[in-house]
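Shown next, in structure tokens, is the structure this report addresses.
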Amino acid sequence: MKLTPFNSIKKFFNTKTIMIIVPHQDDELFLCGTIMGLLKGNRQNVFIVFTTNGDYGNDFNERKIESIKALSKYGINKENIIFLGYGDQYNTPYKHLYHAPNNDVTTSKAGYKETYGEDFCFKQWNVHHEYTIENYIYDIREIIKLILPDIIFSNDLDWHPEHRFTSLILDRVLGEILKENKNYRPYIFKGFIYFIGWDGVSDYRKINLGRTKKPTRSKSFDKRFDVGNPYFKWNDRLCFPIDYQLTLKKKNTLFKAVSKYKFSKNAKRFYESMMNADAIFWQRVTTNAALHATVNVSSGNENYLNDFIIVDLNDITKKNSMDFEASVWRPANSDKQPKIDMVFDQPIIANTIVLYRDIYSYSKECVHYSIEYKYLIDEKEETEIIEGCIKEYDLRVDIDLKKDYMLTDLHIQLDNNSIGFTEIEVNKTQMIQFIKIIVNGDYAYDYHIGEKTDIVDLNLNVYGLKKEDVIVDVIEHIPQKEPIKIKNNKLYIGDRIKKCYIKAFFSKNPEVYDVVCLRR
């Protein structure tokens with residue numbers, strides 16, 4: 001039997017329609033260059049959407065040709081590469097198209113006022129769209145509704161205005177689509193092009209790729225947060241495995257793709273920050289029942305509490321700092337005991353409640369809350385109450401209901417008006433399931449352990465399941481008669497063993513697994 005390193009996440013991706021939405025040509029590599037290696041078997045169902053023509057200081061036709069050549073290295077045909085045709089930054093008294101009135105036609109820095117370059121709008125309706133915020137929102141909404149991808153990868157709040165623009169509008173559009181179509185529940189994974197890619201740590205290792213290192217602070221880094229989104233904590237990141245063949249520079253797909261872009265004169269620098277053993281994202285759940293709830297509040301704008309937008313900016317052009325004051329529900333100064341009521345249009349199954357607290361209303365004292373929720377059991381309505389305290393630096397409060405409840409409504413009472421919320425989620429956990437074997441602290445694929453090594457540290461990263469439900473075993477080793485065993489997170493390997501294969505699988509679903517090769 002011929003074995004190779006393999007992770008079942010690849011099979012998961014190969015059964016899905018996938019859309020990658022980014023602002024500029026080359027951003028797709030910084031965001032998804034390693035994970036796209038897993039999508040080769042599904043290339044006909046992978047769509048790349050560029051929201052801008054990248055024409056600020058660059059020729060779009062050149063960037064278009066470069067992107068088609070780069071993505072061809074992953075087997076993605078040009079028919080699946082979609083250009084929305086919008087400008088890369090704008091000349092407007094409102095600083096950016098994002099802040100302009102809905103019908104205000106804006107001129108891009110390159111001098112254009114409408115989409116161009118075989119853009120999506122022209123291909124669909126034989127017209128170009130003027131540069132208005134309404135048209136931008138419309139085009140992103142229509143491309144998602146046309147394809148209805150099962151998985152969307154996109155960037156979050158990097159320091160570039162177009163990156164912020166893409167992320168914020170995508171969240172707004174997703175909120176609208178999810179409310180319109182209750183049956184559409186895609187997986188949404190947000191990442192960072194600059195924090196982890198362009199400005200990322202140059203940490204490439206030719207032998208045994210290392211895991212992505214936490215971003216260092218730079219001029220684009222707010223010291224209060226781990227990355228550009230204050231609600232994304234580094235320890236909560238999702239570390240996808242990658243294609244194990246992405247190991248040798250100048251021979252792997254990512255390096256070949258990077259080299260097709262104009263910045264390839266600096267390809268070594270960028271490649272060494274992009275090429276890691278894991279691909280880093282944060283998941284936004286789309287099973288939030290609050291999106292379909294009727295929300296009433298004692299004061300303030302209740303629409304901010306269930307619009308899918310957890311963060312918004314008053315000015316997306318500020319490079320060195322971000323103002324997160326927009327899209328926040330706040331009670332009135334006169335409202336001393338704020339209350340939020342949510343009534344669901346039908347009973348919903350939920351096991352978690354998440355409160356996204358606004359980041360500026362720090363209260364030195366705990367803000368006490370009481371959550372009363374009603375649920376059905378045997379067609380009878382029961383009521384339970386959870387009480388807790390939101391501390392000074394709690395930006396996200398996760399409340400575990402311990403089991404699945406059939407909720408009908410919930411009511412949140414605060415004991416003072418010193419804080420607000422940007423979003424409330426009422427979820428039944430939506431998690432992708434995968435396992436990754438960790439050897440000596442590294443995500444392992446085809447892993448070299450050295451000639452003199454006889455003890456190896458083994459660990460697991462599990463997502464969407466419990467570690468105690470995972471079984472780890474040696475499935476093959478060469479030569480077969482040599483002793484080898486796993487005990488207490490250690491692999492004891494005889495000095496004559498040249499190669500062995502380790503498998504980890506989910507006992508309740510063996511189709512979720514990881515296989516790695518260890519060799520001398």
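Letters for chains follow the order of the structure tokens (A, B, ...), residue numbers begin at 1 for each chain, and ligand numbers begin at 1 in the order shown.
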Any idea what's packed within 12 Å of Asp236 in chain A, counting only C-alpha atoms, ignoring anything in its chain fewer than 2 positions away? Could you give it as a compact mmCIF listing (two decimals) with all heavy atoms, in the first residue's frame?
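Listed below is the output, out.txt:
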```txt
# COMPACT_ATOMS: atom_id res chain seq x y z
N ASP A 226 -4.75 41.80 18.92
CA ASP A 226 -3.82 40.84 18.33
C ASP A 226 -3.68 41.05 16.83
O ASP A 226 -2.60 40.88 16.26
CB ASP A 226 -4.29 39.41 18.60
CG ASP A 226 -4.20 39.04 20.07
OD1 ASP A 226 -3.42 39.69 20.80
OD2 ASP A 226 -4.90 38.11 20.50
N VAL A 227 -4.80 41.37 16.16
CA VAL A 227 -4.82 41.64 14.72
C VAL A 227 -5.75 42.81 14.48
O VAL A 227 -6.16 43.48 15.42
CB VAL A 227 -5.28 40.39 13.92
CG1 VAL A 227 -4.19 39.34 13.86
CG2 VAL A 227 -6.55 39.80 14.52
N TYR A 231 -12.10 41.73 17.89
CA TYR A 231 -12.79 40.55 18.41
C TYR A 231 -12.12 39.25 18.00
O TYR A 231 -12.55 38.18 18.43
CB TYR A 231 -14.25 40.57 17.95
CG TYR A 231 -14.98 41.80 18.41
CD1 TYR A 231 -15.24 42.84 17.53
CD2 TYR A 231 -15.38 41.94 19.73
CE1 TYR A 231 -15.89 43.99 17.95
CE2 TYR A 231 -16.03 43.08 20.17
CZ TYR A 231 -16.29 44.10 19.28
OH TYR A 231 -16.93 45.24 19.71
N PHE A 232 -11.07 39.33 17.17
CA PHE A 232 -10.34 38.14 16.76
C PHE A 232 -9.10 38.00 17.63
O PHE A 232 -8.15 38.78 17.50
CB PHE A 232 -9.92 38.23 15.29
CG PHE A 232 -11.05 38.13 14.31
CD1 PHE A 232 -10.83 38.36 12.96
CD2 PHE A 232 -12.34 37.81 14.72
CE1 PHE A 232 -11.86 38.26 12.03
CE2 PHE A 232 -13.38 37.72 13.81
CZ PHE A 232 -13.14 37.94 12.46
N LYS A 233 -9.11 37.05 18.53
CA LYS A 233 -7.97 36.79 19.40
C LYS A 233 -7.07 35.71 18.79
O LYS A 233 -7.57 34.76 18.19
CB LYS A 233 -8.44 36.35 20.79
CG LYS A 233 -9.32 37.38 21.50
CD LYS A 233 -8.63 38.71 21.64
CE LYS A 233 -9.50 39.73 22.36
NZ LYS A 233 -8.84 41.07 22.42
N TRP A 234 -5.78 35.88 18.95
CA TRP A 234 -4.82 34.95 18.33
C TRP A 234 -5.08 33.52 18.79
O TRP A 234 -5.01 32.58 17.99
CB TRP A 234 -3.40 35.38 18.65
CG TRP A 234 -2.36 34.58 17.93
CD1 TRP A 234 -1.48 33.68 18.46
CD2 TRP A 234 -2.08 34.61 16.53
NE1 TRP A 234 -0.68 33.15 17.49
CE2 TRP A 234 -1.03 33.70 16.29
CE3 TRP A 234 -2.62 35.32 15.44
CZ2 TRP A 234 -0.50 33.48 15.01
CZ3 TRP A 234 -2.10 35.10 14.18
CH2 TRP A 234 -1.06 34.19 13.97
N LEU A 238 -8.22 29.79 13.70
CA LEU A 238 -8.43 28.50 13.08
C LEU A 238 -7.21 28.21 12.21
O LEU A 238 -6.90 28.97 11.30
CB LEU A 238 -9.70 28.54 12.24
CG LEU A 238 -10.02 27.37 11.32
CD1 LEU A 238 -10.09 26.08 12.12
CD2 LEU A 238 -11.32 27.61 10.59
N CYS A 239 -6.50 27.14 12.51
CA CYS A 239 -5.26 26.80 11.81
C CYS A 239 -5.51 25.64 10.85
O CYS A 239 -5.42 24.47 11.23
CB CYS A 239 -4.16 26.43 12.80
SG CYS A 239 -3.85 27.68 14.07
N ILE A 280 -4.10 30.56 8.43
CA ILE A 280 -4.77 31.16 9.59
C ILE A 280 -6.03 31.93 9.19
O ILE A 280 -5.98 32.83 8.35
CB ILE A 280 -3.80 32.11 10.33
CG1 ILE A 280 -2.52 31.38 10.70
CG2 ILE A 280 -4.47 32.71 11.56
CD1 ILE A 280 -2.72 30.18 11.59
N PHE A 281 -7.15 31.58 9.84
CA PHE A 281 -8.42 32.27 9.63
C PHE A 281 -9.21 32.32 10.94
O PHE A 281 -8.88 31.63 11.91
CB PHE A 281 -9.27 31.55 8.56
CG PHE A 281 -8.66 31.59 7.19
CD1 PHE A 281 -7.83 30.56 6.76
CD2 PHE A 281 -8.90 32.64 6.33
CE1 PHE A 281 -7.24 30.59 5.50
CE2 PHE A 281 -8.32 32.68 5.07
CZ PHE A 281 -7.49 31.65 4.66
N TRP A 282 -10.25 33.15 10.92
CA TRP A 282 -11.23 33.19 12.00
C TRP A 282 -12.60 32.96 11.38
O TRP A 282 -12.92 33.51 10.33
CB TRP A 282 -11.20 34.54 12.72
CG TRP A 282 -10.06 34.71 13.65
CD1 TRP A 282 -10.07 34.57 15.02
CD2 TRP A 282 -8.69 35.06 13.31
NE1 TRP A 282 -8.81 34.79 15.53
CE2 TRP A 282 -7.96 35.10 14.52
CE3 TRP A 282 -8.04 35.33 12.11
CZ2 TRP A 282 -6.60 35.41 14.55
CZ3 TRP A 282 -6.69 35.63 12.14
CH2 TRP A 282 -5.99 35.67 13.35
N GLN A 283 -13.41 32.13 12.03
CA GLN A 283 -14.70 31.78 11.47
C GLN A 283 -15.79 32.72 11.97
O GLN A 283 -15.86 33.03 13.16
CB GLN A 283 -15.07 30.34 11.83
CG GLN A 283 -16.37 29.88 11.19
CD GLN A 283 -16.69 28.42 11.46
OE1 GLN A 283 -15.89 27.70 12.06
NE2 GLN A 283 -17.85 27.96 11.01
N ARG A 284 -16.63 33.18 11.04
CA ARG A 284 -17.86 33.89 11.39
C ARG A 284 -19.02 32.94 11.19
O ARG A 284 -19.24 32.45 10.08
CB ARG A 284 -18.05 35.13 10.50
CG ARG A 284 -17.11 36.29 10.76
CD ARG A 284 -17.31 36.95 12.11
NE ARG A 284 -18.70 37.15 12.48
CZ ARG A 284 -19.45 38.17 12.07
NH1 ARG A 284 -18.94 39.09 11.28
NH2 ARG A 284 -20.71 38.29 12.47
N ARG A 396 -15.69 40.22 24.23
CA ARG A 396 -16.62 39.20 23.73
C ARG A 396 -16.98 38.29 24.89
O ARG A 396 -16.10 37.75 25.57
CB ARG A 396 -15.97 38.41 22.59
CG ARG A 396 -16.77 37.20 22.16
CD ARG A 396 -16.15 36.52 20.96
NE ARG A 396 -16.71 35.18 20.81
CZ ARG A 396 -16.76 34.51 19.68
NH1 ARG A 396 -16.27 35.06 18.59
NH2 ARG A 396 -17.27 33.30 19.63
N TYR A 463 -10.49 20.52 15.87
CA TYR A 463 -11.46 21.59 15.68
C TYR A 463 -12.82 20.96 15.42
O TYR A 463 -12.97 20.08 14.56
CB TYR A 463 -11.04 22.48 14.50
CG TYR A 463 -11.76 23.81 14.46
CD1 TYR A 463 -11.39 24.84 15.32
CD2 TYR A 463 -12.81 24.04 13.58
CE1 TYR A 463 -12.05 26.05 15.30
CE2 TYR A 463 -13.47 25.25 13.55
CZ TYR A 463 -13.08 26.25 14.42
OH TYR A 463 -13.75 27.47 14.40
```
Give me the range 168-244 of chain A side of the contact with range 148-153 of chain A, cut-off 8 Å, one line per residue showing its nearest atom pair and distance in Å at one decimal, counting only C-alpha atoms, sorted by chain and residue number, as CSV.
```
residue,atom,partner,partner_atom,distance
A:Tyr184,CA,A:Leu148,CA,7.9
A:Arg185,CA,A:Asp150,CA,7.6
A:Pro186,CA,A:Asp150,CA,4.7
A:Tyr187,CA,A:Ile151,CA,4.7
A:Ile188,CA,A:Ile152,CA,5.0
A:Phe189,CA,A:Phe153,CA,4.9
A:Lys190,CA,A:Phe153,CA,5.9
A:Gly191,CA,A:Phe153,CA,7.6
```
Name the residues of range 29-200 of chain A that come out as strand (DSSP E or B) in a backbone DSSP run; write them as an MDAnalysis selection string.
chainID A and resid 46:52 81:86 90:91 107:108 114 130 151:155 187:191
Calculated over only C-alpha atoms, which of the candidates A:Asp59, A:Asp454, A:Asp394, A:Glu176 has the smallest distance to Asp495 in chain A?
A:Asp454
So which residues of range 13-139 of chain A fall under helix (DSSP H, G or I) by DSSP, listed as an mmCIF file with N, CA, C and O atoms, in the first residue's frame?
```cif
data_model
loop_
_atom_site.group_PDB
_atom_site.id
_atom_site.type_symbol
_atom_site.label_atom_id
_atom_site.label_comp_id
_atom_site.auth_asym_id
_atom_site.auth_seq_id
_atom_site.Cartn_x
_atom_site.Cartn_y
_atom_site.Cartn_z
ATOM 1 N N PHE A 13 -13.258 20.087 1.369
ATOM 2 C CA PHE A 13 -13.220 21.195 0.421
ATOM 3 C C PHE A 13 -13.628 20.756 -0.984
ATOM 4 O O PHE A 13 -14.257 21.515 -1.728
ATOM 5 N N ASN A 14 -13.272 19.543 -1.355
ATOM 6 C CA ASN A 14 -13.545 19.078 -2.709
ATOM 7 C C ASN A 14 -15.024 18.832 -2.980
ATOM 8 O O ASN A 14 -15.419 18.615 -4.122
ATOM 9 N N ASP A 27 -3.679 39.673 -3.741
ATOM 10 C CA ASP A 27 -4.176 39.476 -2.378
ATOM 11 C C ASP A 27 -4.653 38.049 -2.142
ATOM 12 O O ASP A 27 -4.605 37.549 -1.010
ATOM 13 N N GLU A 28 -5.125 37.389 -3.207
ATOM 14 C CA GLU A 28 -5.614 36.018 -3.058
ATOM 15 C C GLU A 28 -4.496 35.082 -2.599
ATOM 16 O O GLU A 28 -4.749 34.100 -1.879
ATOM 17 N N LEU A 29 -3.238 35.385 -2.988
ATOM 18 C CA LEU A 29 -2.114 34.545 -2.581
ATOM 19 C C LEU A 29 -1.728 34.809 -1.129
ATOM 20 O O LEU A 29 -1.441 33.874 -0.376
ATOM 21 N N PHE A 30 -1.723 36.073 -0.727
ATOM 22 C CA PHE A 30 -1.419 36.394 0.667
ATOM 23 C C PHE A 30 -2.463 35.797 1.610
ATOM 24 O O PHE A 30 -2.133 35.354 2.708
ATOM 25 N N LEU A 31 -3.722 35.785 1.165
ATOM 26 C CA LEU A 31 -4.795 35.282 2.024
ATOM 27 C C LEU A 31 -4.908 33.764 1.970
ATOM 28 O O LEU A 31 -5.027 33.111 3.009
ATOM 29 N N CYS A 32 -4.853 33.186 0.771
ATOM 30 C CA CYS A 32 -5.206 31.772 0.596
ATOM 31 C C CYS A 32 -4.176 30.985 -0.210
ATOM 32 O O CYS A 32 -4.475 29.879 -0.671
ATOM 33 N N ILE A 35 -3.667 27.471 1.319
ATOM 34 C CA ILE A 35 -4.857 26.616 1.381
ATOM 35 C C ILE A 35 -5.383 26.304 -0.010
ATOM 36 O O ILE A 35 -6.046 25.282 -0.232
ATOM 37 N N MET A 36 -5.097 27.170 -1.019
ATOM 38 C CA MET A 36 -5.540 26.872 -2.375
ATOM 39 C C MET A 36 -4.878 25.606 -2.915
ATOM 40 O O MET A 36 -5.398 24.991 -3.849
ATOM 41 N N GLY A 37 -3.749 25.223 -2.317
ATOM 42 C CA GLY A 37 -3.125 23.972 -2.719
ATOM 43 C C GLY A 37 -4.005 22.769 -2.441
ATOM 44 O O GLY A 37 -3.882 21.729 -3.101
ATOM 45 N N LEU A 38 -4.921 22.898 -1.460
ATOM 46 C CA LEU A 38 -5.843 21.810 -1.139
ATOM 47 C C LEU A 38 -7.028 21.753 -2.103
ATOM 48 O O LEU A 38 -7.779 20.784 -2.097
ATOM 49 N N LEU A 39 -7.198 22.803 -2.915
ATOM 50 C CA LEU A 39 -8.408 22.922 -3.715
ATOM 51 C C LEU A 39 -8.224 22.433 -5.145
ATOM 52 O O LEU A 39 -9.142 22.552 -5.963
ATOM 53 N N LYS A 40 -7.048 21.878 -5.475
ATOM 54 C CA LYS A 40 -6.767 21.494 -6.855
ATOM 55 C C LYS A 40 -7.780 20.502 -7.399
ATOM 56 O O LYS A 40 -8.153 20.555 -8.570
ATOM 57 N N GLY A 41 -8.226 19.567 -6.567
ATOM 58 C CA GLY A 41 -9.187 18.583 -7.026
ATOM 59 C C GLY A 41 -10.571 19.152 -7.244
ATOM 60 O O GLY A 41 -11.467 18.468 -7.741
ATOM 61 N N ASN A 42 -10.756 20.438 -6.882
ATOM 62 C CA ASN A 42 -12.069 21.080 -6.957
ATOM 63 C C ASN A 42 -11.988 22.381 -7.740
ATOM 64 O O ASN A 42 -12.786 23.286 -7.548
ATOM 65 N N ARG A 43 -10.999 22.471 -8.624
ATOM 66 C CA ARG A 43 -10.690 23.755 -9.264
ATOM 67 C C ARG A 43 -11.863 24.341 -10.050
ATOM 68 O O ARG A 43 -11.991 25.564 -10.151
ATOM 69 N N GLN A 44 -12.735 23.486 -10.589
ATOM 70 C CA GLN A 44 -13.860 23.995 -11.376
ATOM 71 C C GLN A 44 -14.900 24.670 -10.499
ATOM 72 O O GLN A 44 -15.736 25.425 -10.988
ATOM 73 N N ASN A 45 -14.857 24.435 -9.188
ATOM 74 C CA ASN A 45 -15.821 25.037 -8.258
ATOM 75 C C ASN A 45 -15.175 26.074 -7.343
ATOM 76 O O ASN A 45 -15.722 26.387 -6.291
ATOM 77 N N PHE A 60 -4.233 48.117 -14.922
ATOM 78 C CA PHE A 60 -5.123 46.989 -14.650
ATOM 79 C C PHE A 60 -4.913 45.836 -15.618
ATOM 80 O O PHE A 60 -4.930 44.666 -15.230
ATOM 81 N N ASN A 61 -4.718 46.145 -16.906
ATOM 82 C CA ASN A 61 -4.542 45.061 -17.871
ATOM 83 C C ASN A 61 -3.359 44.177 -17.499
ATOM 84 O O ASN A 61 -3.404 42.951 -17.637
ATOM 85 N N GLU A 62 -2.295 44.817 -17.011
ATOM 86 C CA GLU A 62 -1.126 44.039 -16.580
ATOM 87 C C GLU A 62 -1.474 43.187 -15.357
ATOM 88 O O GLU A 62 -1.128 42.002 -15.301
ATOM 89 N N ARG A 63 -2.171 43.772 -14.397
ATOM 90 C CA ARG A 63 -2.534 43.026 -13.187
ATOM 91 C C ARG A 63 -3.507 41.897 -13.515
ATOM 92 O O ARG A 63 -3.459 40.809 -12.910
ATOM 93 N N LYS A 64 -4.393 42.134 -14.452
ATOM 94 C CA LYS A 64 -5.339 41.103 -14.855
ATOM 95 C C LYS A 64 -4.603 39.906 -15.448
ATOM 96 O O LYS A 64 -4.877 38.746 -15.082
ATOM 97 N N ILE A 65 -3.682 40.174 -16.363
ATOM 98 C CA ILE A 65 -2.903 39.092 -16.991
ATOM 99 C C ILE A 65 -2.093 38.346 -15.946
ATOM 100 O O ILE A 65 -2.018 37.103 -15.952
ATOM 101 N N GLU A 66 -1.484 39.095 -15.016
ATOM 102 C CA GLU A 66 -0.690 38.465 -13.966
ATOM 103 C C GLU A 66 -1.543 37.535 -13.109
ATOM 104 O O GLU A 66 -1.129 36.414 -12.787
ATOM 105 N N SER A 67 -2.749 37.986 -12.755
ATOM 106 C CA SER A 67 -3.603 37.169 -11.886
ATOM 107 C C SER A 67 -4.058 35.902 -12.596
ATOM 108 O O SER A 67 -4.117 34.823 -11.981
ATOM 109 N N ILE A 68 -4.366 36.007 -13.876
ATOM 110 C CA ILE A 68 -4.785 34.817 -14.632
ATOM 111 C C ILE A 68 -3.643 33.810 -14.704
ATOM 112 O O ILE A 68 -3.847 32.601 -14.513
ATOM 113 N N LYS A 69 -2.421 34.300 -14.943
ATOM 114 C CA LYS A 69 -1.264 33.406 -14.998
ATOM 115 C C LYS A 69 -0.971 32.787 -13.631
ATOM 116 O O LYS A 69 -0.669 31.596 -13.536
ATOM 117 N N ALA A 70 -1.059 33.603 -12.585
ATOM 118 C CA ALA A 70 -0.769 33.095 -11.234
ATOM 119 C C ALA A 70 -1.771 32.017 -10.837
ATOM 120 O O ALA A 70 -1.396 30.952 -10.337
ATOM 121 N N LEU A 71 -3.052 32.283 -11.063
ATOM 122 C CA LEU A 71 -4.080 31.347 -10.632
ATOM 123 C C LEU A 71 -4.118 30.094 -11.502
ATOM 124 O O LEU A 71 -4.610 29.042 -11.075
ATOM 125 N N SER A 72 -3.585 30.189 -12.715
ATOM 126 C CA SER A 72 -3.505 28.990 -13.557
ATOM 127 C C SER A 72 -2.587 27.946 -12.935
ATOM 128 O O SER A 72 -2.725 26.752 -13.215
ATOM 129 N N LYS A 78 -9.610 31.021 -16.193
ATOM 130 C CA LYS A 78 -9.916 32.455 -16.179
ATOM 131 C C LYS A 78 -11.420 32.715 -16.136
ATOM 132 O O LYS A 78 -11.848 33.786 -15.689
ATOM 133 N N GLU A 79 -12.232 31.724 -16.564
ATOM 134 C CA GLU A 79 -13.689 31.899 -16.484
ATOM 135 C C GLU A 79 -14.165 31.979 -15.037
ATOM 136 O O GLU A 79 -15.254 32.502 -14.766
ATOM 137 N N ASN A 80 -13.377 31.467 -14.101
ATOM 138 C CA ASN A 80 -13.740 31.497 -12.685
ATOM 139 C C ASN A 80 -13.102 32.669 -11.948
ATOM 140 O O ASN A 80 -13.213 32.766 -10.727
ATOM 141 N N LEU A 97 -15.153 56.129 -1.095
ATOM 142 C CA LEU A 97 -16.478 55.724 -1.555
ATOM 143 C C LEU A 97 -17.321 55.159 -0.411
ATOM 144 O O LEU A 97 -18.547 55.333 -0.375
ATOM 145 N N TYR A 98 -16.693 54.511 0.561
ATOM 146 C CA TYR A 98 -17.412 53.905 1.680
ATOM 147 C C TYR A 98 -18.222 54.936 2.458
ATOM 148 O O TYR A 98 -19.281 54.623 3.001
ATOM 149 N N HIS A 99 -17.725 56.166 2.516
ATOM 150 C CA HIS A 99 -18.368 57.220 3.311
ATOM 151 C C HIS A 99 -19.220 58.163 2.468
ATOM 152 O O HIS A 99 -19.818 59.098 3.013
ATOM 153 N N PHE A 120 -17.774 42.272 -14.000
ATOM 154 C CA PHE A 120 -18.918 41.398 -13.727
ATOM 155 C C PHE A 120 -20.224 42.024 -14.198
ATOM 156 O O PHE A 120 -21.052 41.372 -14.846
ATOM 157 N N CYS A 121 -20.431 43.283 -13.887
ATOM 158 C CA CYS A 121 -21.673 43.970 -14.245
ATOM 159 C C CYS A 121 -21.856 43.982 -15.764
ATOM 160 O O CYS A 121 -22.952 43.706 -16.274
ATOM 161 N N PHE A 122 -20.793 44.270 -16.500
ATOM 162 C CA PHE A 122 -20.893 44.334 -17.957
ATOM 163 C C PHE A 122 -21.188 42.952 -18.544
ATOM 164 O O PHE A 122 -21.985 42.810 -19.466
ATOM 165 N N LYS A 123 -20.538 41.928 -17.996
ATOM 166 C CA LYS A 123 -20.787 40.574 -18.499
ATOM 167 C C LYS A 123 -22.208 40.120 -18.215
ATOM 168 O O LYS A 123 -22.803 39.375 -19.008
ATOM 169 N N GLN A 124 -22.773 40.534 -17.085
ATOM 170 C CA GLN A 124 -24.122 40.113 -16.708
ATOM 171 C C GLN A 124 -25.210 40.907 -17.418
ATOM 172 O O GLN A 124 -26.204 40.339 -17.875
ATOM 173 N N TRP A 125 -25.041 42.237 -17.502
ATOM 174 C CA TRP A 125 -26.136 43.093 -17.968
ATOM 175 C C TRP A 125 -25.742 44.035 -19.112
ATOM 176 O O TRP A 125 -26.530 44.888 -19.510
ATOM 177 N N ILE A 133 -21.651 53.720 -3.841
ATOM 178 C CA ILE A 133 -21.648 52.707 -2.785
ATOM 179 C C ILE A 133 -22.804 51.727 -3.005
ATOM 180 O O ILE A 133 -22.678 50.518 -2.749
ATOM 181 N N GLU A 134 -23.933 52.228 -3.530
ATOM 182 C CA GLU A 134 -25.067 51.347 -3.812
ATOM 183 C C GLU A 134 -24.706 50.281 -4.837
ATOM 184 O O GLU A 134 -25.054 49.112 -4.691
ATOM 185 N N ASN A 135 -24.010 50.689 -5.895
ATOM 186 C CA ASN A 135 -23.623 49.743 -6.944
ATOM 187 C C ASN A 135 -22.612 48.728 -6.439
ATOM 188 O O ASN A 135 -22.661 47.550 -6.810
ATOM 189 N N TYR A 136 -21.687 49.179 -5.630
ATOM 190 C CA TYR A 136 -20.673 48.273 -5.070
ATOM 191 C C TYR A 136 -21.351 47.185 -4.229
ATOM 192 O O TYR A 136 -21.059 45.990 -4.373
ATOM 193 N N ILE A 137 -22.268 47.606 -3.371
ATOM 194 C CA ILE A 137 -23.002 46.652 -2.540
ATOM 195 C C ILE A 137 -23.819 45.705 -3.419
ATOM 196 O O ILE A 137 -23.837 44.486 -3.202
ATOM 197 N N TYR A 138 -24.464 46.270 -4.441
ATOM 198 C CA TYR A 138 -25.301 45.463 -5.328
ATOM 199 C C TYR A 138 -24.487 44.381 -6.028
ATOM 200 O O TYR A 138 -24.910 43.215 -6.093
ATOM 201 N N ASP A 139 -23.322 44.737 -6.538
ATOM 202 C CA ASP A 139 -22.520 43.773 -7.292
ATOM 203 C C ASP A 139 -22.006 42.641 -6.408
ATOM 204 O O ASP A 139 -21.994 41.473 -6.818
#
```
Would you work out the distance separating CA of Pro241 in chain A from CA of Gly228 in chain A, expressed in Å to one decimal?
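Computed distance, CA of Pro241 in chain A to CA of Gly228 in chain A, equals 22.9 Å.
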With distances taken over only C-alpha atoms, which residue among A:Val297, A:Phe270, A:Val474, A:Gln430 lies nearest His411 in chain A?
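Smallest distance to His411 in chain A is found for A:Val297.
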Which residues come within 12 Å of Arg357 in chain A, counting only C-alpha atoms, excluding same-chain residues fewer than 4 positions away, as JSON, numbers by chain?
{"A": [230, 231, 304, 305, 310, 311, 324, 325, 327, 328, 329, 330, 361, 362, 363, 367, 390, 391, 392, 393, 394, 395, 396, 397, 398, 418, 419, 420, 421, 422, 423, 424, 425]}
Neighbour list for Asp514 in chain A as a PyMOL selection string, cut-off 10 Å, only C-alpha atoms, skip fewer than 2 positions in-chain
chain A and resi 5-9+241+434-437+444-445+460+472+502-506+511-512+516
Limited to C-alpha atoms, could you put the picked residues into a file as a short mmCIF file (atom, residue, chain, number, x, y, z; two decimals), in the first residue's frame?
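out_29.cif, written as the output of this step:
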```
data_model
loop_
_atom_site.label_atom_id
_atom_site.label_comp_id
_atom_site.auth_asym_id
_atom_site.auth_seq_id
_atom_site.Cartn_x
_atom_site.Cartn_y
_atom_site.Cartn_z
CA PRO A 5 0.44 12.47 4.04
CA PHE A 6 -3.24 13.32 3.79
CA ASN A 7 -5.85 15.25 5.75
CA SER A 8 -9.59 14.70 5.36
CA ILE A 9 -10.15 18.47 5.18
CA PRO A 241 -3.66 22.28 7.36
CA PHE A 434 -10.67 18.40 11.30
CA ILE A 435 -7.62 17.00 13.09
CA LYS A 436 -3.97 17.90 12.62
CA ILE A 437 -1.05 15.96 14.08
CA ALA A 444 3.57 17.68 10.46
CA TYR A 445 3.23 16.40 6.90
CA LEU A 460 -3.06 17.21 18.26
CA VAL A 472 -3.75 8.04 17.33
CA ILE A 502 0.99 8.07 12.02
CA LYS A 503 -2.79 8.34 11.74
CA ALA A 504 -5.21 10.25 13.96
CA PHE A 505 -8.94 9.80 13.44
CA PHE A 506 -12.21 10.75 15.09
CA GLU A 511 -13.77 9.93 7.86
CA VAL A 512 -12.28 12.81 9.86
CA VAL A 516 1.57 12.11 8.46
#
```
One-decimal distance in Å that lies between CA of Val426 in chain A and CA of Val462 in chain A
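Answer for the CA of Val462 in chain A to CA of Val426 in chain A separation: 23.6 Å.
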Near range 273-276 of chain A, 9 Å: range 112-200 of chain A residue rows, closest pairs, only C-alpha atoms, as JSON lines:
```
{"residue": "A:Ile196", "atom": "CA", "partner": "A:Ser273", "partner_atom": "CA", "distance": 7.4}
{"residue": "A:Gly197", "atom": "CA", "partner": "A:Met274", "partner_atom": "CA", "distance": 5.3}
{"residue": "A:Trp198", "atom": "CA", "partner": "A:Ser273", "partner_atom": "CA", "distance": 7.3}
{"residue": "A:Asp199", "atom": "CA", "partner": "A:Ser273", "partner_atom": "CA", "distance": 7.9}
{"residue": "A:Gly200", "atom": "CA", "partner": "A:Ser273", "partner_atom": "CA", "distance": 5.3}
```
Atomic distance CA of Glu451 in chain A - CA of Lys485 in chain A, expressed in Å with one decimal:
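Going from CA of Glu451 in chain A over to CA of Lys485 in chain A, I get 17.9 Å.
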Residues within 7 Å of Ser167 in chain A, please, as an NGL selection string. Count only C-alpha atoms; anything in the same chain fewer than 6 positions from it doesn't count.
:A and (155-157)
Emit the selected residues as a compact mmCIF listing (two decimals), in the first residue's frame, including C-alpha atoms.
```
# COMPACT_ATOMS: atom_id res chain seq x y z
CA ASN A 155 -9.90 39.38 4.26
CA ASP A 156 -10.75 41.31 7.38
CA LEU A 157 -9.56 44.71 8.64
```
